[in-house]
Structures are given as structure tokens and as C-alpha cells.
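For reference, the structure discussed in these notes is given below.
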Amino acid sequence: MIRARHQDKLWLRLAVPVLSVLAVVAVWLLLVHGVGVAPYVLPSPSATVRAIADDWDVLSDGIVITGKEFVLGFLVGTATGFGLAVFMAQSRWVLRALYPILIASQAVPIIAIGAALVIWLGFGLTPKVVIVALIVFFPVVVNVLDGLSSVDEDSINLARSMGGGPWRTFRTVRLPATYTPLFSALKMSATFSVTGAVIGEQTASSTGGLGVYLTQQQSRLNTAAVFADIVLLAAMGIIAFALIAVLETIATPWRRHGSAPRRWRTHVSRPGDVAPGSEVRPAEAAPPVPASKGAR
Amino acid sequence: MSTTAKLEIRDVEQRFDSTVALSRTSLNVRDGEFISIVGPSGCGKSTLFNIVSGIQRPTGGRVLLEGSDVTGRSGQVGYMLQKDLLLPWRSTLDNILLGASLTRRVSRADRAHAAGLATQYGLGDFLDHYPHAMSGGMRQRVALMRTLAFARDVMLLDEPFGALDSQTRMEMQQWLLRVWAEQRSTILFVTHDVDEAIFLADRVVVMSPRPGRIRQVFDVELQRPRDLETLTTPEFTTLKRDILALIYERDAAPGAPSPSSGGESPSSTPNGRQA
């Protein structure tokens with residue numbers, strides 16, 4: 001099914017999403033110019049673009065600051081989540097002990113944690129990174145754990161019967177099973193964690209950023225600037241999502257293809273060249289046997 | 001015979017608390033021999049395989065490979081199950097190389113050797129395929145090549161063709177015999193299918209449960225190479241009748257004639273699956 005989709009024409013695959021975005025803009029235009037919604041309620045697309053251009057100096061700084069929080073938090077959250085999942089998968093007792101704590105940590109509203117973090121860590125970069133990391137971390141743990149436990153116990157036995165040590169067995173047989181669920185978690189988190197960065201900045205900040213800008217413009221009832229900020233935040237989430245999706249297709253080619261992509265092909269020469277008789281220990285590979293076997 | 005044993009299972013015994021999964025069992029396997037093992041569930045076949053492969057240490061007895069003690073040591077013999085257990089993210093070639101990549105750095109020679117094996121046994125066009133893009137039969141071939149590339153000396157095959165349809169199965173049996181003959185491997189082959197057991201083996205070991213043990217060992221003196229004709233020869237039929245009689249004996253009424261009826265069509269045999 002996936003492959004059938006893969007065979008659709010490229011232009012078609014690109015055109016459909018572009019058209020749907022254009023349709024949203026069209027509705028937006030219609031609301032502003034056709035229905036006549038007031039500009040302080042809903043600024044027109046052009047007013048929004050103008051707002052971005054007018055305040056680009058501040059906004060571009062904001063993009064850098066918020067982007068940094070977002071990317072760092074994302075990486076920290078993914079790494080800790082992955083590490084914790086691997087640790088938890090080592091023993092079911094560790095799993096049972098940690099799971100309730102993990103769930104409790106997610107039940108606490110992120111805004112409340114944000115307030116505490118500001119007290120502990122100040123107004124700088126760190127509390128925001130931690131908030132983003134906290135958001136990313138949970139789906140990563142849950143999904144990676146799922147991936148690890150999806151591996152057939154017999155595969156692990158097989159690896160052991162082949163003399164594979166614990167680390168090699170883990171790396172070869174279990175770890176790659178986490179890639180697909182990991183990327184699902186990352187795609188989800190990519191959009192959530194922009195929210196995390198904004199909440200972190202709005203709780204308290206001395207550094208600026210798109211979240212801070214949002215609060216400022218909101219208090220001035222500058223709807224166009226608020227929209228400008230929203231568009232940039234959305235773009236950030238979309239770009240992150242797209243990057244992760246691209247990374248996923250590169251990292252997990254077996255999900256979309258029937259055979260390994262060329263760059264992943266690892267054997268020395270093309271199949272045709274490797275006929276028995278080249279460098280393949282030819283004598284052993286094909287001894288003339290039937291006679292000796294029949295004699296038994 | 002004991003002097004030339006490739007694999008010697010000596011007084012091996014496995015208890016779990018009070019239950020005996022496998023009572024004292026001994027078996028000598030000659031170099032290059034093909035042995036089939038048949039028997040109902042719970043007869044200790046899997047336990048025996050786990051012990052020989054070294055995953056499990058028996059509560060008693062020893063396993064000798066070419067005279068040296070390998071009891072409880074894994075990585076000495078190849079092991080293959082009904083499930084192909086191919087890793088979905090590895091291509092055919094990389095799946096075949098699994099054993100190598102679990103124990104050392106995979107070298108160019110390893111790759112070349114694996115590619116050579118695969119090509120020789122009909123997988124040449126599938127080297128880069130992922131498992132999901134291959135049929136059940138093809139996947140089992142890859143699984144066998146993985147076993148072979150790892151340890152072609154002694155291979156334990158636990159119902160490897162159990163999940164295949166009967167035509168594919170027949171093909172696979174002949175293919176396996178070719179691999180075995182050319183590679184001069186020693187094979188222990190567990191199956192529920194008496195036809196399959198006889199067709200493949202030099203000797204058929206019949207096991208029975210509670211406690212798991214070897215009931216009897218039958219010599220199969222059918223000529224090789226074997227083909228479809230083999231399945232209908234009188235020798236084959238006689239042997240099959242004897243084996244079925246032994247398997248069903250304990251369920252038959254005392255003194256009643258054994259219920260086996262020899263010449264049924266292949267793979268439709270009632271074969272000891274009952275409890």
C-alpha cells in the first residue's frame with residue numbers, strides 16, 4: 001500500500017498539499033475582503049506579511065532565540081527519552097518502578113512546571129530548553145519502549161545462539177526496531193514542542209524570542225503582528241516536521257522500498273559478478289558431490 | 001561409531017523443578033548425516049535443540065562437538081526455526097551476514113562468501129531485497145543461508161518448512177537436500193510431518209512425551225538422490241507405517257492393531273499433533 005502511494009506522480013504528490021494550503025489562504029482572503037471582518041480581528045494575508053517585513057529585525061532575532069530553545073530542547077528531550085527507554089527495557093522491575101513516575105510527570109501541567117523551573121533555573125535559555133525537552137521526552141520514551149518490546153524473543157535467542165554478546169545483540173536485533181516508533185514520536189513532538197518554547201518564554205524571560213514578542217503585541221492589540229508571529233511559529237513547526245520526515249525516509253528505507261537503496265548496498269560487487277568462482281572460496285562452494293553422497 | 005561422531009549427545013537430561021522435560025538422552029550423529037526428529041508436542045524436541053545449540057545448559061549430561069565439550073556454549077552450531085526471524089531492516093545479504101555481524105567486524109571476504117552462497121542457491125536476484133518483499137519460501141531460503149553462513153558444519157532446523165504450503169514445501173525439501181549434499185553439512189531436522197522426516201533423512205528419531213525421550217531410531221535406506229518417486233516406493237511406505245504405528249501406539253486400545261494406514265498422500269498425514 002505504501003509503495004503504491006510511492007508510485008504516484010511526483011507533481012501530483014506536490015500539487016495536492018500546495019493546493020490545500022492555497023485553499024486555506026483563499027478562505028482567509030474571503031473572510032477579510034468578502035465578508036469584511038475587521039482588520040483588528042483578522043488582518044489580511046498581505047497585512048500579515050507586511051507586519052513580518054516591518055518588524056523583521058526583532059522577529060529574526062526572535063526566530064534565532066526561539067529556534068535555539070526549540071532545537072536544543074528537542075535534542076535533549078530525544079536523547080534523554082531514548083536513553084531512559086533503553087534503560088527501562090533492561091528489566092521489567094525497572095520498568096514497573098519508573099512508569100508511574102513517568103506518567104505523573106506528564107500529568108502536571110507544563111505551565112506549572114514552567115513556573116517552578118524559572119525559580120530554579122532563572123530567566124535564561126535553560127528553563128525553556130528543559131520545558132521543550134519535557135514535552136518531547138514522554139512520547140519518545142513510550143514509543144521507543146514499544147519498539148524495543150516489539151522484537152520477537154526468538155530473534156534474541158537466535159542472536160544468542162549465534163554467540164552474540166548482550167551489547168551486539170541489542171544493537172543488531174533490538175535497536176533498529178525502535179527507529180520507526182521513534183520517528184513517529186519525533187514527528188508528533190515537532191509540533192508540540194514549539195508550543196513548549198512559547199510557554200517557556202511567556203512564563204518569564206529576559207532573552208526575548210517569538211513567545212515574548214507574542215505577549216507584547218497581544219497587549220498592544222496589534223493583531224497583524226500577532227498573526228505575523230503565529231505564521232513564523234507555524235513555519236518553524238512545519239519545517240521541523242518536514243526535516244524529521246526526510247530523515248525518517250533516509251534512516252528507514254525498508255519501510256518504503258522492496259530492496260535496499262543503492263547507497264545502502266554493502267556487498268562488494270553486483271550480484272552478477274559474484275558468481276561462485278570469483279573470490280568466493282570456490283572449491284568449497286560447489287564441490288561435485290552427488291556421487292559421494294549416494295555412496296552412503 | 002562413537003569414535004567418528006561429529007556430534008555426541010551424551011546422557012543429556014533436563015528437569016524443570018519436578019517435571020522432566022527431557023529424560024536421559026543419548027544420540028551420536030555422524031559427520032554429514034541427516035537426522036530427522038519426529039514426535040508430538042511436549043516430547044522434548046525443542047529442549048533438546050536448545051541444549052545442543054547451547055542456549056540452555058542441561059541439568060545433566062554433556063554435548064560433544066567433534067569430541068570437545070560444548071555443553072552450554074552457544075555459537076557452535078547453526079539454529080533455524082519455523083519463523084524465519086529475518087530482521088526487516090536488513091537486506092537478504094545483510095540477514096545472511098547476521099552471524100558474522102554479531103561476533104566480529106564483517107569483512108569483504110564475509111560479504112563475498114555470503115553473496116556467493118546466496119547466488120549459488122537461487123537468491124542471486126534477491127540480495128538487496130528486504131524480507132517483506134519476498135515470499136515465505138524465499139524467506140526460509142534466506143534463513144537457511146543465514147544458518148549456513150554462520151555454521152555450515154552442524155545445523156539444527158526446527159520445523160523450518162512448517163508454515164509453507166505443501167508445494168513450496170516439496171520444493172524446499174529438494175532444495176535443502178541439494179544444499180546439504182553440496183555443503184556436506186550435518187543436519188538435525190525437527191518436523192511433525194512423517195513424510196518429510198523420511199524423505200530427507202538418513203535416520204529418523206522418534207520421540208515421545210511425558211517424560212520427553214527417544215523412543216526409537218529408524219534407519220532410512222532409501223537411495224539418494226531422492227525425488228517425488230521416492231515417496232511412493234514400498235520401502236518408504238513400510239517405514240512410514242512403522243513410524244506412524246510407533247507414534248500412535250500409546251493412544252491405541254491395548255491389543256488393537258495399529259491405526260496407521262501407510263500410503264496416504266504427502267503432507268496430509270495425521271502426524272502426532274494430538275496431545
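Each chain in the C-alpha cells gets a letter, A, B, ..., in the order shown, and its residues are numbered from 1; ligands are numbered from 1 in order too.
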
Q.
Taking only C-alpha atoms into account, find every residue of chain B that has an atom no more than 8 Å from chain A, and write it out as a PyMOL selection string.
A. chain B and resi 53-55+74-80+85+87-91+93+99+101-103+108-109+111-113+115-117+119-120+124-125+127-130+132-133+150+181-183+223-225

Output file for the selection above: N, CA and C atoms, as a CSV table (one decimal), in the first residue's frame:
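So part.csv came out as:
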chain,number,residue,atom,x,y,z
B,53,SER,N,22.2,-26.3,20.9
B,53,SER,CA,22.6,-25.0,20.4
B,53,SER,C,23.3,-24.2,21.5
B,54,GLY,N,23.2,-24.7,22.8
B,54,GLY,CA,24.0,-24.0,23.8
B,54,GLY,C,23.2,-22.9,24.5
B,55,ILE,N,22.0,-22.6,24.1
B,55,ILE,CA,21.2,-21.6,24.7
B,55,ILE,C,20.9,-22.0,26.2
B,74,SER,N,27.1,-21.4,23.5
B,74,SER,CA,26.4,-21.1,22.2
B,74,SER,C,27.4,-20.7,21.1
B,75,GLY,N,26.9,-20.5,19.9
B,75,GLY,CA,27.7,-20.1,18.8
B,75,GLY,C,28.5,-21.2,18.2
B,76,GLN,N,28.2,-22.5,18.5
B,76,GLN,CA,28.9,-23.6,17.9
B,76,GLN,C,28.2,-24.3,16.8
B,77,VAL,N,26.9,-24.2,16.8
B,77,VAL,CA,26.1,-24.8,15.7
B,77,VAL,C,25.1,-23.8,15.2
B,78,GLY,N,24.6,-24.1,14.0
B,78,GLY,CA,23.6,-23.2,13.4
B,78,GLY,C,22.2,-23.6,13.9
B,79,TYR,N,21.3,-22.7,14.0
B,79,TYR,CA,20.0,-23.0,14.5
B,79,TYR,C,18.9,-22.2,13.7
B,80,MET,N,17.9,-22.9,13.3
B,80,MET,CA,16.9,-22.3,12.5
B,80,MET,C,15.5,-22.7,12.9
B,85,LEU,N,12.5,-15.3,11.2
B,85,LEU,CA,13.2,-14.3,12.1
B,85,LEU,C,14.2,-13.4,11.3
B,87,LEU,N,15.5,-10.0,10.0
B,87,LEU,CA,15.3,-8.7,10.5
B,87,LEU,C,14.8,-7.8,9.4
B,88,PRO,N,13.7,-7.1,9.6
B,88,PRO,CA,13.0,-6.4,8.5
B,88,PRO,C,13.9,-5.3,7.9
B,89,TRP,N,14.8,-4.8,8.7
B,89,TRP,CA,15.6,-3.6,8.2
B,89,TRP,C,16.9,-4.1,7.6
B,90,ARG,N,17.1,-5.4,7.4
B,90,ARG,CA,18.3,-5.9,6.8
B,90,ARG,C,17.9,-6.5,5.4
B,91,SER,N,18.7,-6.2,4.4
B,91,SER,CA,18.5,-6.9,3.1
B,91,SER,C,18.9,-8.3,3.2
B,93,LEU,N,21.2,-10.0,1.9
B,93,LEU,CA,22.6,-10.2,2.1
B,93,LEU,C,23.0,-9.9,3.6
B,99,GLY,N,25.1,-13.6,11.6
B,99,GLY,CA,26.0,-14.3,12.5
B,99,GLY,C,27.4,-13.6,12.5
B,101,SER,N,28.0,-10.4,11.8
B,101,SER,CA,28.0,-9.1,12.4
B,101,SER,C,27.7,-9.1,13.9
B,102,LEU,N,27.3,-10.3,14.4
B,102,LEU,CA,27.1,-10.4,15.9
B,102,LEU,C,28.4,-10.7,16.6
B,103,THR,N,29.3,-11.2,15.9
B,103,THR,CA,30.5,-11.7,16.6
B,103,THR,C,31.8,-10.9,16.2
B,108,ARG,N,35.1,-7.9,3.9
B,108,ARG,CA,34.8,-8.0,2.5
B,108,ARG,C,34.7,-9.5,2.1
B,109,ALA,N,35.5,-10.3,2.7
B,109,ALA,CA,35.5,-11.7,2.4
B,109,ALA,C,34.2,-12.4,2.9
B,111,ARG,N,31.4,-10.8,3.1
B,111,ARG,CA,30.3,-10.4,2.2
B,111,ARG,C,30.4,-11.2,0.9
B,112,ALA,N,31.6,-11.4,0.4
B,112,ALA,CA,31.7,-12.1,-0.9
B,112,ALA,C,31.3,-13.5,-0.7
B,113,HIS,N,31.6,-14.1,0.4
B,113,HIS,CA,31.2,-15.5,0.7
B,113,HIS,C,29.7,-15.6,0.7
B,115,ALA,N,27.4,-13.6,-0.5
B,115,ALA,CA,26.8,-13.3,-1.8
B,115,ALA,C,27.0,-14.5,-2.7
B,116,GLY,N,28.1,-15.2,-2.6
B,116,GLY,CA,28.4,-16.4,-3.4
B,116,GLY,C,27.4,-17.5,-3.0
B,117,LEU,N,27.2,-17.7,-1.7
B,117,LEU,CA,26.3,-18.8,-1.3
B,117,LEU,C,24.9,-18.4,-1.8
B,119,THR,N,23.9,-16.6,-4.2
B,119,THR,CA,23.8,-16.7,-5.7
B,119,THR,C,23.7,-18.2,-6.1
B,120,GLN,N,24.5,-19.0,-5.4
B,120,GLN,CA,24.6,-20.4,-5.8
B,120,GLN,C,23.2,-21.1,-5.5
B,124,GLY,N,20.3,-15.1,-5.9
B,124,GLY,CA,21.2,-14.0,-6.5
B,124,GLY,C,20.4,-12.8,-6.9
B,125,ASP,N,19.2,-12.9,-7.3
B,125,ASP,CA,18.4,-11.7,-7.7
B,125,ASP,C,17.8,-11.0,-6.5
B,127,LEU,N,19.5,-10.3,-3.5
B,127,LEU,CA,20.5,-9.9,-2.5
B,127,LEU,C,20.1,-8.6,-1.8
B,128,ASP,N,19.5,-7.7,-2.5
B,128,ASP,CA,19.2,-6.4,-1.9
B,128,ASP,C,17.8,-6.3,-1.4
B,129,HIS,N,17.0,-7.4,-1.6
B,129,HIS,CA,15.6,-7.3,-1.2
B,129,HIS,C,15.4,-7.3,0.3
B,130,TYR,N,14.5,-6.5,0.8
B,130,TYR,CA,14.1,-6.6,2.2
B,130,TYR,C,13.1,-7.8,2.4
B,132,HIS,N,10.2,-8.2,3.6
B,132,HIS,CA,8.8,-8.0,3.3
B,132,HIS,C,8.5,-8.1,1.9
B,133,ALA,N,9.5,-8.0,1.0
B,133,ALA,CA,9.3,-8.1,-0.4
B,133,ALA,C,9.5,-9.5,-1.0
B,150,PHE,N,26.7,-19.0,8.9
B,150,PHE,CA,27.2,-18.9,10.3
B,150,PHE,C,27.9,-20.2,10.7
B,181,ALA,N,23.8,-31.7,0.5
B,181,ALA,CA,24.8,-32.6,-0.2
B,181,ALA,C,26.0,-31.8,-0.6
B,182,GLU,N,25.8,-30.6,-1.1
B,182,GLU,CA,26.9,-29.9,-1.6
B,182,GLU,C,27.8,-29.3,-0.5
B,183,GLN,N,27.2,-28.9,0.6
B,183,GLN,CA,27.9,-28.3,1.7
B,183,GLN,C,28.4,-29.3,2.7
B,223,GLN,N,17.5,-44.9,-1.5
B,223,GLN,CA,18.6,-44.4,-2.3
B,223,GLN,C,18.6,-42.8,-2.5
B,224,ARG,N,19.7,-42.3,-2.6
B,224,ARG,CA,19.8,-40.9,-2.9
B,224,ARG,C,20.4,-40.8,-4.3
B,225,PRO,N,20.2,-39.7,-5.1
B,225,PRO,CA,19.3,-38.6,-4.7
B,225,PRO,C,17.8,-39.0,-4.7

Q | DSSP-assigned strand (DSSP E or B) among stretch 167-199 of chain B, expressed as number ranges by chain | A | B: 186-190

For the residues in that selection, give me N, CA, C and O atoms as a compact mmCIF listing (two decimals), in the first residue's frame.
# COMPACT_ATOMS: atom_id res chain seq x y z
N THR B 186 26.07 -31.40 8.52
CA THR B 186 25.39 -32.37 9.38
C THR B 186 24.13 -31.70 9.86
O THR B 186 24.18 -30.57 10.37
N ILE B 187 22.97 -32.35 9.65
CA ILE B 187 21.71 -31.68 9.94
C ILE B 187 20.84 -32.48 10.91
O ILE B 187 20.66 -33.68 10.75
N LEU B 188 20.33 -31.79 11.91
CA LEU B 188 19.25 -32.32 12.76
C LEU B 188 17.99 -31.54 12.42
O LEU B 188 17.99 -30.31 12.48
N PHE B 189 16.93 -32.28 12.05
CA PHE B 189 15.76 -31.64 11.46
C PHE B 189 14.51 -32.08 12.22
O PHE B 189 14.13 -33.25 12.17
N VAL B 190 13.89 -31.17 12.92
CA VAL B 190 12.65 -31.49 13.62
C VAL B 190 11.46 -31.24 12.71
O VAL B 190 11.41 -30.22 12.02

Need to verify the contact set: B:Ile51, 9 Å, only C-alpha atoms, exclusion of same-chain residues closer than 5 positions in sequence. Can you return it as a PDB file with C-alpha atoms, in the first residue's frame?
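So out_2.pdb came out as:
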ATOM      1  CA  VAL B  12      21.625 -35.308  28.452  1.00  0.00           C
ATOM      2  CA  GLN B  14      16.664 -31.555  31.546  1.00  0.00           C
ATOM      3  CA  SER B  46      12.796 -28.046  21.435  1.00  0.00           C
ATOM      4  CA  GLN B  56      20.231 -23.847  27.606  1.00  0.00           C
ATOM      5  CA  ARG B  57      22.514 -25.736  29.965  1.00  0.00           C
ATOM      6  CA  PRO B  58      21.135 -29.199  30.739  1.00  0.00           C
ATOM      7  CA  VAL B  63      27.165 -32.273  24.411  1.00  0.00           C
ATOM      8  CA  THR B  71      27.722 -28.023  26.794  1.00  0.00           C
ATOM      9  CA  GLY B  72      26.116 -24.651  27.472  1.00  0.00           C
TER      10      GLY B  72
END

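Among B:Glu171, B:Glu33, B:Asp84, B:Glu8, the residue with the shortest atom-to-atom distance to B:Gly67, counting only C-alpha atoms, is B:Glu8.
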
Q. If you count only C-alpha atoms, which residues fall within 9 Å of A:Val142, apart from same-chain ones fewer than 3 positions away, as number ranges by chain?
A. A: 81, 85, 137-139, 145-147, 181, 185

Please produce a file of the residues just selected, as a compact mmCIF listing (two decimals), in the first residue's frame, where the atoms kept are N, CA, C and O atoms.
# COMPACT_ATOMS: atom_id res chain seq x y z
N GLY A 81 15.04 10.81 26.54
CA GLY A 81 13.93 9.88 26.39
C GLY A 81 14.41 8.54 25.86
O GLY A 81 14.04 7.48 26.37
N ALA A 85 14.39 5.02 27.93
CA ALA A 85 13.64 3.87 27.41
C ALA A 85 14.54 2.64 27.35
O ALA A 85 14.15 1.54 27.76
N PHE A 137 10.21 14.42 25.47
CA PHE A 137 10.70 13.25 26.16
C PHE A 137 9.67 12.13 26.31
O PHE A 137 9.95 10.97 26.03
N PHE A 138 8.45 12.49 26.69
CA PHE A 138 7.47 11.46 27.01
C PHE A 138 7.08 10.57 25.81
O PHE A 138 7.19 9.35 25.90
N PRO A 139 6.63 11.17 24.71
CA PRO A 139 6.32 10.29 23.57
C PRO A 139 7.52 9.48 23.10
O PRO A 139 7.35 8.34 22.65
N LEU A 145 10.05 2.40 23.92
CA LEU A 145 9.76 1.19 24.70
C LEU A 145 8.92 0.21 23.89
O LEU A 145 9.18 -0.99 23.89
N ASP A 146 7.92 0.73 23.21
CA ASP A 146 7.10 -0.12 22.34
C ASP A 146 7.96 -0.83 21.31
O ASP A 146 7.81 -2.03 21.08
N GLY A 147 8.83 -0.06 20.68
CA GLY A 147 9.70 -0.63 19.66
C GLY A 147 10.58 -1.72 20.22
O GLY A 147 10.71 -2.80 19.63
N PRO A 181 9.03 3.63 15.46
CA PRO A 181 8.26 4.32 16.51
C PRO A 181 8.94 5.60 16.99
O PRO A 181 8.24 6.56 17.32
N ALA A 185 7.18 9.37 17.15
CA ALA A 185 7.18 10.24 18.32
C ALA A 185 7.76 11.60 17.97
O ALA A 185 7.23 12.64 18.36

(Q) I'd like the interatomic distance between atom CA of B:Arg169 and atom CA of B:Ile37, to a tenth of an Å. (A)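 Going from atom CA of B:Arg169 over to atom CA of B:Ile37, I get 17.3 Å.
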
Q.
Could you pull out the helix (DSSP H, G or I) residues of stretch 86-267 of chain B, going by DSSP on the backbone, and write them as number ranges by chain?
A. B: 92-96, 98-103, 108-120, 124-126, 131-133, 136-150, 166-183, 194-200, 228-232, 234-251

(Q) For B:Arg10, find every residue with an atom within 6 Å (counting only C-alpha atoms), except residues of its own chain fewer than 5 positions away, and show them as a PyMOL selection string. (A) chain B and resi 26+61-62

Serialized selection, all heavy atoms, as a PDB file, in the first residue's frame:
ATOM      1  N   SER B  26      20.674 -40.001  24.781  1.00  0.00           N
ATOM      2  CA  SER B  26      21.968 -40.053  24.109  1.00  0.00           C
ATOM      3  C   SER B  26      21.754 -40.263  22.622  1.00  0.00           C
ATOM      4  O   SER B  26      20.848 -40.992  22.212  1.00  0.00           O
ATOM      5  CB  SER B  26      22.820 -41.203  24.655  1.00  0.00           C
ATOM      6  OG  SER B  26      23.125 -40.966  26.002  1.00  0.00           O
ATOM      7  N   GLY B  61      24.347 -34.382  31.921  1.00  0.00           N
ATOM      8  CA  GLY B  61      24.856 -34.846  30.640  1.00  0.00           C
ATOM      9  C   GLY B  61      25.689 -33.816  29.908  1.00  0.00           C
ATOM     10  O   GLY B  61      25.854 -32.685  30.372  1.00  0.00           O
ATOM     11  N   ARG B  62      26.215 -34.216  28.756  1.00  0.00           N
ATOM     12  CA  ARG B  62      27.125 -33.352  28.025  1.00  0.00           C
ATOM     13  C   ARG B  62      26.833 -33.369  26.526  1.00  0.00           C
ATOM     14  O   ARG B  62      26.249 -34.311  25.990  1.00  0.00           O
ATOM     15  CB  ARG B  62      28.571 -33.823  28.227  1.00  0.00           C
ATOM     16  CG  ARG B  62      28.985 -33.801  29.702  1.00  0.00           C
ATOM     17  CD  ARG B  62      30.482 -33.727  29.819  1.00  0.00           C
ATOM     18  NE  ARG B  62      31.149 -34.940  29.401  1.00  0.00           N
ATOM     19  CZ  ARG B  62      32.417 -34.950  28.970  1.00  0.00           C
ATOM     20  NH1 ARG B  62      33.113 -33.834  28.876  1.00  0.00           N
ATOM     21  NH2 ARG B  62      32.987 -36.096  28.630  1.00  0.00           N
TER      22      ARG B  62
END

Q. With distances taken over only C-alpha atoms, which of A:Ser44, A:Ser219, A:Val58, A:Pro39 is nearest to A:Val27?
A.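 Residue with the minimum atom-to-atom distance to A:Val27: A:Ser44.
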
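Here atom CA of B:Thr47 stands at a distance of 13.8 Å from atom CA of B:Glu159.
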
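Rounded to one decimal, atom CA of B:Ser23 and atom CA of B:Gly39 lie 14.7 Å from each other.
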